[in-house]
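Here is entry.csv, consisting of CSV, C-alpha atoms and all ligand atoms:
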chain,number,residue,atom,x,y,z
C,1,MET,CA,53.0,-12.0,22.6
C,2,THR,CA,56.0,-10.4,21.0
C,3,GLY,CA,54.4,-6.9,21.1
C,4,ARG,CA,55.2,-6.7,17.4
C,5,THR,CA,52.8,-5.8,14.6
C,6,ALA,CA,52.8,-7.1,11.0
C,7,LEU,CA,51.1,-5.4,8.2
C,8,VAL,CA,50.0,-8.0,5.6
C,9,VAL,CA,49.1,-6.3,2.3
C,10,VAL,CA,47.0,-8.4,0.0
C,11,SER,CA,46.7,-7.1,-3.6
C,12,HIS,CA,44.2,-9.0,-5.7
C,13,HIS,CA,40.9,-8.2,-7.3
C,14,ARG,CA,39.3,-11.6,-6.3
C,15,ALA,CA,38.6,-12.6,-2.7
C,16,ASP,CA,38.9,-16.3,-3.7
C,17,SER,CA,42.3,-15.9,-5.3
C,18,LEU,CA,45.4,-17.9,-4.4
C,19,THR,CA,47.0,-14.5,-3.4
C,20,ALA,CA,44.3,-13.8,-0.9
C,21,HIS,CA,44.5,-17.4,0.4
C,22,ILE,CA,48.3,-17.1,0.8
C,23,GLY,CA,47.8,-13.8,2.6
C,24,SER,CA,45.5,-15.5,5.1
C,25,VAL,CA,48.0,-18.4,5.6
C,26,ALA,CA,50.8,-15.9,6.3
C,27,ALA,CA,48.6,-13.9,8.7
C,28,ALA,CA,47.7,-17.1,10.6
C,29,ARG,CA,51.4,-18.1,10.9
C,30,LEU,CA,52.3,-14.6,12.1
C,31,GLU,CA,49.6,-14.6,14.7
C,32,GLU,CA,50.8,-18.0,15.9
C,33,ALA,CA,54.3,-16.4,16.2
C,34,GLY,CA,52.8,-13.7,18.4
C,35,TYR,CA,52.4,-10.8,16.0
C,36,ALA,CA,49.4,-8.5,16.0
C,37,VAL,CA,48.3,-8.6,12.3
C,38,ASP,CA,46.9,-5.7,10.4
C,39,LEU,CA,45.4,-7.3,7.3
C,40,LEU,CA,45.2,-4.7,4.5
C,41,ASP,CA,43.2,-6.1,1.6
C,42,LEU,CA,43.5,-3.3,-1.0
C,43,ARG,CA,40.5,-4.5,-3.0
C,44,ALA,CA,38.2,-5.0,-0.1
C,45,GLU,CA,39.2,-1.6,1.3
C,46,GLY,CA,38.5,0.0,-2.1
C,47,PHE,CA,42.0,1.4,-2.6
C,48,ASP,CA,42.2,3.3,-5.9
C,49,PRO,CA,45.7,2.8,-7.3
C,50,ARG,CA,45.6,5.7,-9.7
C,51,MET,CA,47.9,8.6,-8.9
C,52,THR,CA,46.2,11.9,-8.0
C,53,VAL,CA,47.4,15.5,-7.9
C,54,GLU,CA,47.1,15.4,-4.1
C,55,ASP,CA,49.4,12.4,-3.8
C,56,GLN,CA,51.8,13.4,-6.5
C,57,PRO,CA,55.2,14.3,-5.0
C,58,ASP,CA,56.2,18.0,-4.8
C,59,TRP,CA,60.0,17.9,-5.2
C,60,ASP,CA,60.3,21.3,-3.5
C,61,ASP,CA,58.3,20.2,-0.5
C,62,ARG,CA,59.0,16.9,1.2
C,63,GLU,CA,56.6,18.0,4.0
C,64,LYS,CA,53.7,18.0,1.6
C,65,VAL,CA,50.5,16.9,3.2
C,66,TYR,CA,49.1,14.0,1.1
C,67,SER,CA,45.5,12.9,0.9
C,68,ALA,CA,43.8,11.6,4.0
C,69,GLU,CA,43.6,8.2,2.4
C,70,ALA,CA,47.4,8.0,1.7
C,71,ARG,CA,48.1,9.3,5.2
C,72,ALA,CA,46.0,6.6,6.8
C,73,HIS,CA,48.0,4.0,4.9
C,74,MET,CA,51.2,5.7,5.9
C,75,ASP,CA,50.1,5.4,9.6
C,76,ARG,CA,49.5,1.7,9.2
C,77,ILE,CA,53.0,1.2,7.7
C,78,LEU,CA,54.6,3.2,10.5
C,79,ALA,CA,52.7,1.1,13.1
C,80,ALA,CA,54.2,-2.1,11.6
C,81,ASP,CA,57.5,-3.7,12.5
C,82,LEU,CA,57.1,-6.1,9.6
C,83,ILE,CA,55.5,-5.6,6.2
C,84,ILE,CA,54.4,-8.7,4.2
C,85,SER,CA,53.2,-7.9,0.7
C,86,VAL,CA,51.4,-10.8,-1.1
C,87,PHE,CA,50.7,-10.3,-4.8
C,88,PRO,CA,50.4,-12.1,-8.2
C,89,VAL,CA,53.3,-11.5,-10.5
C,90,TYR,CA,52.0,-9.6,-13.5
C,91,TRP,CA,54.3,-8.9,-16.5
C,92,ASN,CA,57.4,-9.6,-14.3
C,93,GLY,CA,56.3,-7.1,-11.8
C,94,LEU,CA,53.5,-5.9,-9.6
C,95,PRO,CA,49.8,-5.8,-10.4
C,96,ALA,CA,48.4,-2.3,-10.9
C,97,LEU,CA,46.6,-2.4,-7.5
C,98,LEU,CA,49.9,-2.8,-5.6
C,99,LYS,CA,51.9,-0.6,-7.9
C,100,GLY,CA,49.5,2.2,-7.2
C,101,TRP,CA,49.6,1.6,-3.5
C,102,ILE,CA,53.4,2.0,-3.6
C,103,ASP,CA,53.1,5.1,-5.9
C,104,ARG,CA,50.6,6.9,-3.8
C,105,VAL,CA,51.6,5.8,-0.3
C,106,TRP,CA,55.3,5.2,-0.4
C,107,ASN,CA,55.8,8.8,-1.2
C,108,TYR,CA,58.5,11.5,-1.2
C,109,GLY,CA,59.2,12.7,2.3
C,110,PHE,CA,57.5,9.7,3.8
C,111,SER,CA,59.4,6.6,2.6
C,112,TYR,CA,62.2,8.3,0.8
C,113,GLY,CA,63.9,11.7,0.4
C,114,ARG,CA,65.1,12.0,4.0
C,115,SER,CA,68.6,11.5,5.3
C,116,LYS,CA,67.2,9.4,8.1
C,117,PRO,CA,64.6,7.2,6.6
C,118,ARG,CA,61.4,6.8,8.6
C,119,LEU,CA,61.0,3.2,7.7
C,120,ALA,CA,64.5,2.2,8.8
C,121,GLY,CA,64.5,-0.8,11.1
C,122,LYS,CA,61.4,-2.4,9.6
C,123,ARG,CA,61.5,-5.7,7.8
C,124,MET,CA,59.8,-6.5,4.6
C,125,LEU,CA,59.0,-9.8,2.8
C,126,TRP,CA,57.5,-9.7,-0.7
C,127,ILE,CA,55.6,-13.0,-1.5
C,128,GLY,CA,54.7,-13.2,-5.2
C,129,THR,CA,52.7,-16.0,-6.9
C,130,ALA,CA,53.8,-16.7,-10.5
C,131,GLY,CA,52.3,-18.8,-13.2
C,132,ALA,CA,55.8,-19.9,-14.3
C,133,PRO,CA,57.2,-23.2,-13.2
C,134,GLU,CA,60.5,-23.1,-11.4
C,135,GLY,CA,64.0,-24.1,-12.5
C,136,ASP,CA,64.4,-22.8,-16.0
C,137,GLU,CA,66.0,-19.7,-17.4
C,138,TYR,CA,62.9,-17.6,-17.1
C,139,TRP,CA,62.5,-18.5,-13.5
C,140,ALA,CA,66.0,-17.3,-12.7
C,141,SER,CA,65.5,-14.0,-14.6
C,142,LEU,CA,62.1,-13.5,-12.9
C,143,GLN,CA,63.7,-13.9,-9.4
C,144,ASP,CA,66.5,-11.5,-10.4
C,145,ILE,CA,64.1,-8.8,-11.8
C,146,LEU,CA,61.9,-9.0,-8.8
C,147,ASP,CA,64.8,-8.8,-6.4
C,148,ARG,CA,66.1,-5.7,-8.1
C,149,THR,CA,62.8,-3.9,-8.4
C,150,LEU,CA,61.2,-4.9,-5.1
C,151,ARG,CA,63.9,-5.6,-2.5
C,152,ASP,CA,66.5,-3.2,-3.9
C,153,GLY,CA,64.4,-0.6,-5.8
C,154,ILE,CA,61.6,-0.2,-3.2
C,155,SER,CA,62.5,-1.7,0.2
C,156,PHE,CA,66.1,-0.7,0.3
C,157,TYR,CA,65.5,2.6,-1.3
C,158,SER,CA,63.0,3.3,1.5
C,159,GLY,CA,65.6,2.5,4.2
C,160,ILE,CA,64.4,-1.1,4.8
C,161,THR,CA,67.6,-3.1,4.6
C,162,ASP,CA,66.2,-6.3,5.9
C,163,ALA,CA,64.0,-7.3,3.0
C,164,ALA,CA,63.5,-10.4,0.7
C,165,VAL,CA,61.5,-11.6,-2.2
C,166,ALA,CA,59.9,-15.1,-2.3
C,167,VAL,CA,58.2,-16.3,-5.4
C,168,LEU,CA,55.8,-19.3,-5.4
C,169,PRO,CA,55.9,-21.1,-8.8
C,170,ASP,CA,53.2,-22.8,-10.8
C,171,ALA,CA,50.5,-20.8,-9.3
C,172,GLU,CA,47.9,-21.9,-11.9
C,173,GLY,CA,48.6,-25.6,-11.5
C,174,GLU,CA,48.9,-25.7,-15.3
C,175,PRO,CA,52.4,-25.3,-16.6
C,176,GLN,CA,53.0,-22.9,-19.5
C,177,ILE,CA,56.4,-22.9,-21.1
C,178,VAL,CA,57.6,-20.4,-23.8
C,179,ASP,CA,60.5,-21.9,-25.7
C,180,ALA,CA,63.5,-20.1,-27.3
C,181,GLU,CA,61.4,-19.4,-30.5
C,182,GLY,CA,58.6,-17.9,-28.5
C,183,ASN,CA,56.2,-20.8,-28.9
C,184,LEU,CA,53.9,-21.5,-26.0
C,185,THR,CA,53.2,-25.0,-24.7
C,186,LYS,CA,50.6,-25.7,-22.1
C,187,GLY,CA,50.9,-28.7,-19.9
C,188,GLU,CA,48.1,-30.8,-18.4
C,189,ALA,CA,46.1,-28.9,-15.8
C,190,LEU,CA,46.2,-30.6,-12.4
C,191,THR,CA,43.0,-32.1,-11.1
C,192,GLY,CA,41.6,-33.9,-8.1
C,193,GLY,CA,44.0,-35.0,-5.4
C,194,GLN,CA,47.0,-33.8,-7.4
C,195,ARG,CA,45.6,-30.3,-7.5
C,196,VAL,CA,44.9,-30.3,-3.7
C,197,ALA,CA,48.4,-31.6,-3.0
C,198,HIS,CA,49.9,-28.9,-5.3
C,199,TYR,CA,48.2,-26.1,-3.5
C,200,ALA,CA,48.9,-27.5,-0.1
C,201,ALA,CA,52.6,-27.6,-1.1
C,202,LEU,CA,52.4,-23.9,-2.1
C,203,ASP,CA,50.9,-23.1,1.4
C,204,ARG,CA,53.8,-24.9,3.0
C,205,ARG,CA,56.3,-23.1,0.9
C,206,ALA,CA,54.8,-19.7,1.7
C,207,VAL,CA,55.1,-20.6,5.4
C,208,GLU,CA,58.7,-21.8,5.0
C,209,HIS,CA,59.7,-18.6,3.3
C,210,LEU,CA,58.1,-16.6,6.1
C,211,GLU,CA,59.8,-18.8,8.8
C,212,LYS,CA,63.2,-18.5,7.1
C,213,PHE,CA,62.9,-14.8,6.7
C,214,LEU,CA,61.9,-14.3,10.3
C,215,ALA,CA,64.1,-17.1,11.7
C,216,LEU,CA,61.0,-18.7,13.2
C,217,ASP,CA,60.8,-22.3,14.0
U,1,LIG,C1,48.1,-9.7,-16.5
U,1,LIG,C2,48.8,-11.0,-16.1
U,1,LIG,C3,50.2,-11.0,-16.2
U,1,LIG,C4,50.9,-12.1,-15.8
U,1,LIG,N1,52.3,-12.1,-15.9
U,1,LIG,C5,53.0,-13.1,-15.5
U,1,LIG,C6,54.4,-13.1,-15.5
U,1,LIG,O1,55.0,-12.2,-16.0
U,1,LIG,N2,55.1,-14.2,-15.1
U,1,LIG,C7,54.5,-15.3,-14.5
U,1,LIG,O2,55.1,-16.2,-14.1
U,1,LIG,N3,53.1,-15.3,-14.4
U,1,LIG,C8,52.4,-14.3,-14.9
U,1,LIG,N4,51.0,-14.3,-14.8
U,1,LIG,C9,50.3,-15.4,-14.1
U,1,LIG,C10,50.0,-15.0,-12.6
U,1,LIG,O3,51.1,-14.7,-11.9
U,1,LIG,C11,49.2,-16.1,-11.9
U,1,LIG,O4,48.0,-16.2,-12.7
U,1,LIG,C12,48.8,-15.7,-10.5
U,1,LIG,O5,50.0,-15.7,-9.7
U,1,LIG,C13,47.8,-16.8,-9.9
U,1,LIG,O6,47.5,-16.4,-8.6
U,1,LIG,P1,46.0,-15.7,-8.3
U,1,LIG,O7,45.1,-16.9,-8.4
U,1,LIG,O8,46.1,-15.2,-6.9
U,1,LIG,O9,45.8,-14.7,-9.4
U,1,LIG,C14,50.2,-13.2,-15.2
U,1,LIG,C15,48.8,-13.2,-15.1
U,1,LIG,C16,48.1,-12.1,-15.5
U,1,LIG,C17,46.6,-12.1,-15.4
structure tokens encoding of this file:
Amino acid sequence: MTGRTALVVVSHHRADSLTAHIGSVAAARLEEAGYAVDLLDLRAEGFDPRMTVEDQPDWDDREKVYSAEARAHMDRILAADLIISVFPVYWNGLPALLKGWIDRVWNYGFSYGRSKPRLAGKRMLWIGTAGAPEGDEYWASLQDILDRTLRDGISFYSGITDAAVAVLPDAEGEPQIVDAEGNLTKGEALTGGQRVAHYAALDRRAVEHLEKFLALD
């Protein structure tokens, strides 16, 4: 046992999604590495991502007492040494479920707005699944956008300096390319053994990203 805790946050509306599956794969690898895993499935726990008056920041009061629900989530973040957020890339960013969790829980006075950040010293890995194939211009720009908004804009802004973003490409097993004129081309959907091999490779890549980030072997 390492005595360390990992909070694995899964943000998807379907229990049988690739996202949920990658969350389980990551949780299993972390347990193997000796972490106690707190698996937070936002959908299964009925988290409502819509901002409320109770959880809206008060810029004149960083000690504001937020809703009991938000505070319970804050406690789970505080208890974790490592935060792994697994999500599908939607519109080059976060799905609403995860965006709302950040909005309501990573709140003023808790994760930011203090000269000594409460989350300093924690580590955070964002694992996104994306429909896009890797290697082209869009792929490069997607990595850049996510790095800026997630690693820099959220983790670093919240005092978490040891953070990274990993994106798993081709998450639908059916390539979709938009060319310079905006035309969409759909490739052949993978089937049978090829499909199985494709998703097994994504599992391995997720584990490799985790091992690299945590320097596990
Ligand atoms: C609303 C929506 C927006 C999406 N936006 C993007 C996008 O900007 N870039 C991309 O590569 N894939 C995009 N996708 C594809 C998803 O990333 C992909 O379907 C997902 O990662 C598959 O994993 P899942 O089975 O866990 O949902 C989008 C999908 C949806 C439904």
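Closest approach to C:Gly131 among C:Asp162, C:Asp144, C:Asp170, C:Asp203 is made by C:Asp170 (distances from only C-alpha atoms).
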Counting all atoms listed in the file, closest pick from C:Ala200, C:Ala132, C:Val178, C:Ala79 relative to ligand LIG 1 (chain U) is C:Ala132
With all atoms listed in the file counted, collect every polymer residue having an atom within 6 Å of ligand LIG 1 (chain U); state the result as number ranges by chain. C: 17-19, 88-92, 129-132, 171-172
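The closest residue to C:Leu119, picked from C:Asp152, C:Asp136, C:Asp81, C:Asp179 and counting all atoms listed in the file, is C:Asp81.
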Any idea what's packed within 12 Å of C:Ile102, counting only C-alpha atoms, ignoring anything in its chain fewer than 3 positions away? Could you give it as a ChimeraX atom specification? /C:9,11,42,47-51,55-56,70,73-74,77,85,94-99,105-108,110-112,150,153-155,158
From (42.4, -6.9, -2.8), in the file's coordinates, out to 7 Å: which residues are reached, counting all atoms listed in the file? Answer as a PyMOL selection string. chain C and resi 10-15+41-44
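Going from atom CA of C:Ala197 to atom CA of C:Val165 covers 23.9 Å.
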Can you measure atom CA of C:Leu184 to atom CA of C:Arg148 for me? One decimal in Å is fine. 26.8 Å
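Here atom CA of C:Met124 is placed at a distance of 23.4 Å from atom CA of C:Tyr66.
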Please provide the set of residues having any atom within 12 Å of C:Gln194, restricted to all atoms listed in the file, with same-chain residues fewer than 6 positions apart removed, written as number ranges by chain. C: 173-174, 188, 200-201
For stretch 15-51 of chain C, which lacks atoms in the input, supply N, CA and C atoms and format the output as a CSV table (one decimal), in the frame of the given file.
chain,number,residue,atom,x,y,z
C,15,ALA,N,38.5,-12.2,-4.1
C,15,ALA,CA,38.6,-12.6,-2.7
C,15,ALA,C,39.0,-14.1,-2.6
C,16,ASP,N,38.6,-14.9,-3.7
C,16,ASP,CA,38.9,-16.3,-3.7
C,16,ASP,C,40.2,-16.6,-4.4
C,17,SER,N,41.1,-15.7,-4.6
C,17,SER,CA,42.3,-15.9,-5.3
C,17,SER,C,43.3,-16.7,-4.5
C,18,LEU,N,44.3,-17.2,-5.1
C,18,LEU,CA,45.4,-17.9,-4.4
C,18,LEU,C,46.2,-16.8,-3.6
C,19,THR,N,46.3,-15.6,-4.1
C,19,THR,CA,47.0,-14.5,-3.4
C,19,THR,C,46.3,-14.2,-2.1
C,20,ALA,N,45.0,-14.1,-2.1
C,20,ALA,CA,44.3,-13.8,-0.9
C,20,ALA,C,44.4,-15.0,0.1
C,21,HIS,N,44.4,-16.2,-0.4
C,21,HIS,CA,44.5,-17.4,0.4
C,21,HIS,C,45.9,-17.4,1.1
C,22,ILE,N,47.0,-17.1,0.3
C,22,ILE,CA,48.3,-17.1,0.8
C,22,ILE,C,48.5,-16.0,1.9
C,23,GLY,N,47.8,-14.9,1.6
C,23,GLY,CA,47.8,-13.8,2.6
C,23,GLY,C,47.2,-14.3,3.9
C,24,SER,N,46.1,-15.0,3.9
C,24,SER,CA,45.5,-15.5,5.1
C,24,SER,C,46.5,-16.6,5.8
C,25,VAL,N,47.1,-17.4,5.0
C,25,VAL,CA,48.0,-18.4,5.6
C,25,VAL,C,49.2,-17.7,6.3
C,26,ALA,N,49.7,-16.6,5.6
C,26,ALA,CA,50.8,-15.9,6.3
C,26,ALA,C,50.3,-15.2,7.5
C,27,ALA,N,49.1,-14.6,7.5
C,27,ALA,CA,48.6,-13.9,8.7
C,27,ALA,C,48.5,-14.9,9.8
C,28,ALA,N,47.9,-16.1,9.5
C,28,ALA,CA,47.7,-17.1,10.6
C,28,ALA,C,49.1,-17.5,11.2
C,29,ARG,N,50.1,-17.6,10.4
C,29,ARG,CA,51.4,-18.1,10.9
C,29,ARG,C,52.0,-16.9,11.8
C,30,LEU,N,51.8,-15.7,11.3
C,30,LEU,CA,52.3,-14.6,12.1
C,30,LEU,C,51.6,-14.4,13.5
C,31,GLU,N,50.3,-14.7,13.5
C,31,GLU,CA,49.6,-14.6,14.7
C,31,GLU,C,50.1,-15.7,15.7
C,32,GLU,N,50.3,-16.9,15.1
C,32,GLU,CA,50.8,-18.0,15.9
C,32,GLU,C,52.2,-17.6,16.5
C,33,ALA,N,53.0,-16.8,15.7
C,33,ALA,CA,54.3,-16.4,16.2
C,33,ALA,C,54.2,-15.2,17.2
C,34,GLY,N,53.0,-14.7,17.5
C,34,GLY,CA,52.8,-13.7,18.4
C,34,GLY,C,52.7,-12.3,17.9
C,35,TYR,N,52.6,-12.2,16.6
C,35,TYR,CA,52.4,-10.8,16.0
C,35,TYR,C,50.9,-10.4,16.0
C,36,ALA,N,50.7,-9.1,16.2
C,36,ALA,CA,49.4,-8.5,16.0
C,36,ALA,C,49.4,-8.3,14.5
C,37,VAL,N,48.4,-8.8,13.8
C,37,VAL,CA,48.3,-8.6,12.3
C,37,VAL,C,47.3,-7.6,11.9
C,38,ASP,N,47.8,-6.7,11.1
C,38,ASP,CA,46.9,-5.7,10.4
C,38,ASP,C,46.8,-6.2,9.0
C,39,LEU,N,45.6,-6.8,8.6
C,39,LEU,CA,45.4,-7.3,7.3
C,39,LEU,C,44.9,-6.2,6.4
C,40,LEU,N,45.6,-5.8,5.4
C,40,LEU,CA,45.2,-4.7,4.5
C,40,LEU,C,44.9,-5.4,3.1
C,41,ASP,N,43.6,-5.6,2.9
C,41,ASP,CA,43.2,-6.1,1.6
C,41,ASP,C,42.8,-4.9,0.7
C,42,LEU,N,43.7,-4.6,-0.2
C,42,LEU,CA,43.5,-3.3,-1.0
C,42,LEU,C,42.2,-3.3,-1.8
C,43,ARG,N,41.8,-4.4,-2.3
C,43,ARG,CA,40.5,-4.5,-3.0
C,43,ARG,C,39.4,-4.3,-2.1
C,44,ALA,N,39.4,-5.1,-1.0
C,44,ALA,CA,38.2,-5.0,-0.1
C,44,ALA,C,38.1,-3.6,0.5
C,45,GLU,N,39.2,-2.9,0.7
C,45,GLU,CA,39.2,-1.6,1.3
C,45,GLU,C,38.9,-0.5,0.2
C,46,GLY,N,38.8,-0.9,-1.0
C,46,GLY,CA,38.5,0.0,-2.1
C,46,GLY,C,39.6,1.0,-2.5
C,47,PHE,N,40.8,0.5,-2.3
C,47,PHE,CA,42.0,1.4,-2.6
C,47,PHE,C,42.0,1.7,-4.1
C,48,ASP,N,42.1,3.0,-4.5
C,48,ASP,CA,42.2,3.3,-5.9
C,48,ASP,C,43.7,3.6,-6.2
C,49,PRO,N,44.3,2.7,-7.1
C,49,PRO,CA,45.7,2.8,-7.3
C,49,PRO,C,46.1,3.9,-8.2
C,50,ARG,N,45.1,4.7,-8.8
C,50,ARG,CA,45.6,5.7,-9.7
C,50,ARG,C,46.1,6.9,-9.0
C,51,MET,N,47.3,7.4,-9.5
C,51,MET,CA,47.9,8.6,-8.9
C,51,MET,C,47.0,9.8,-9.0
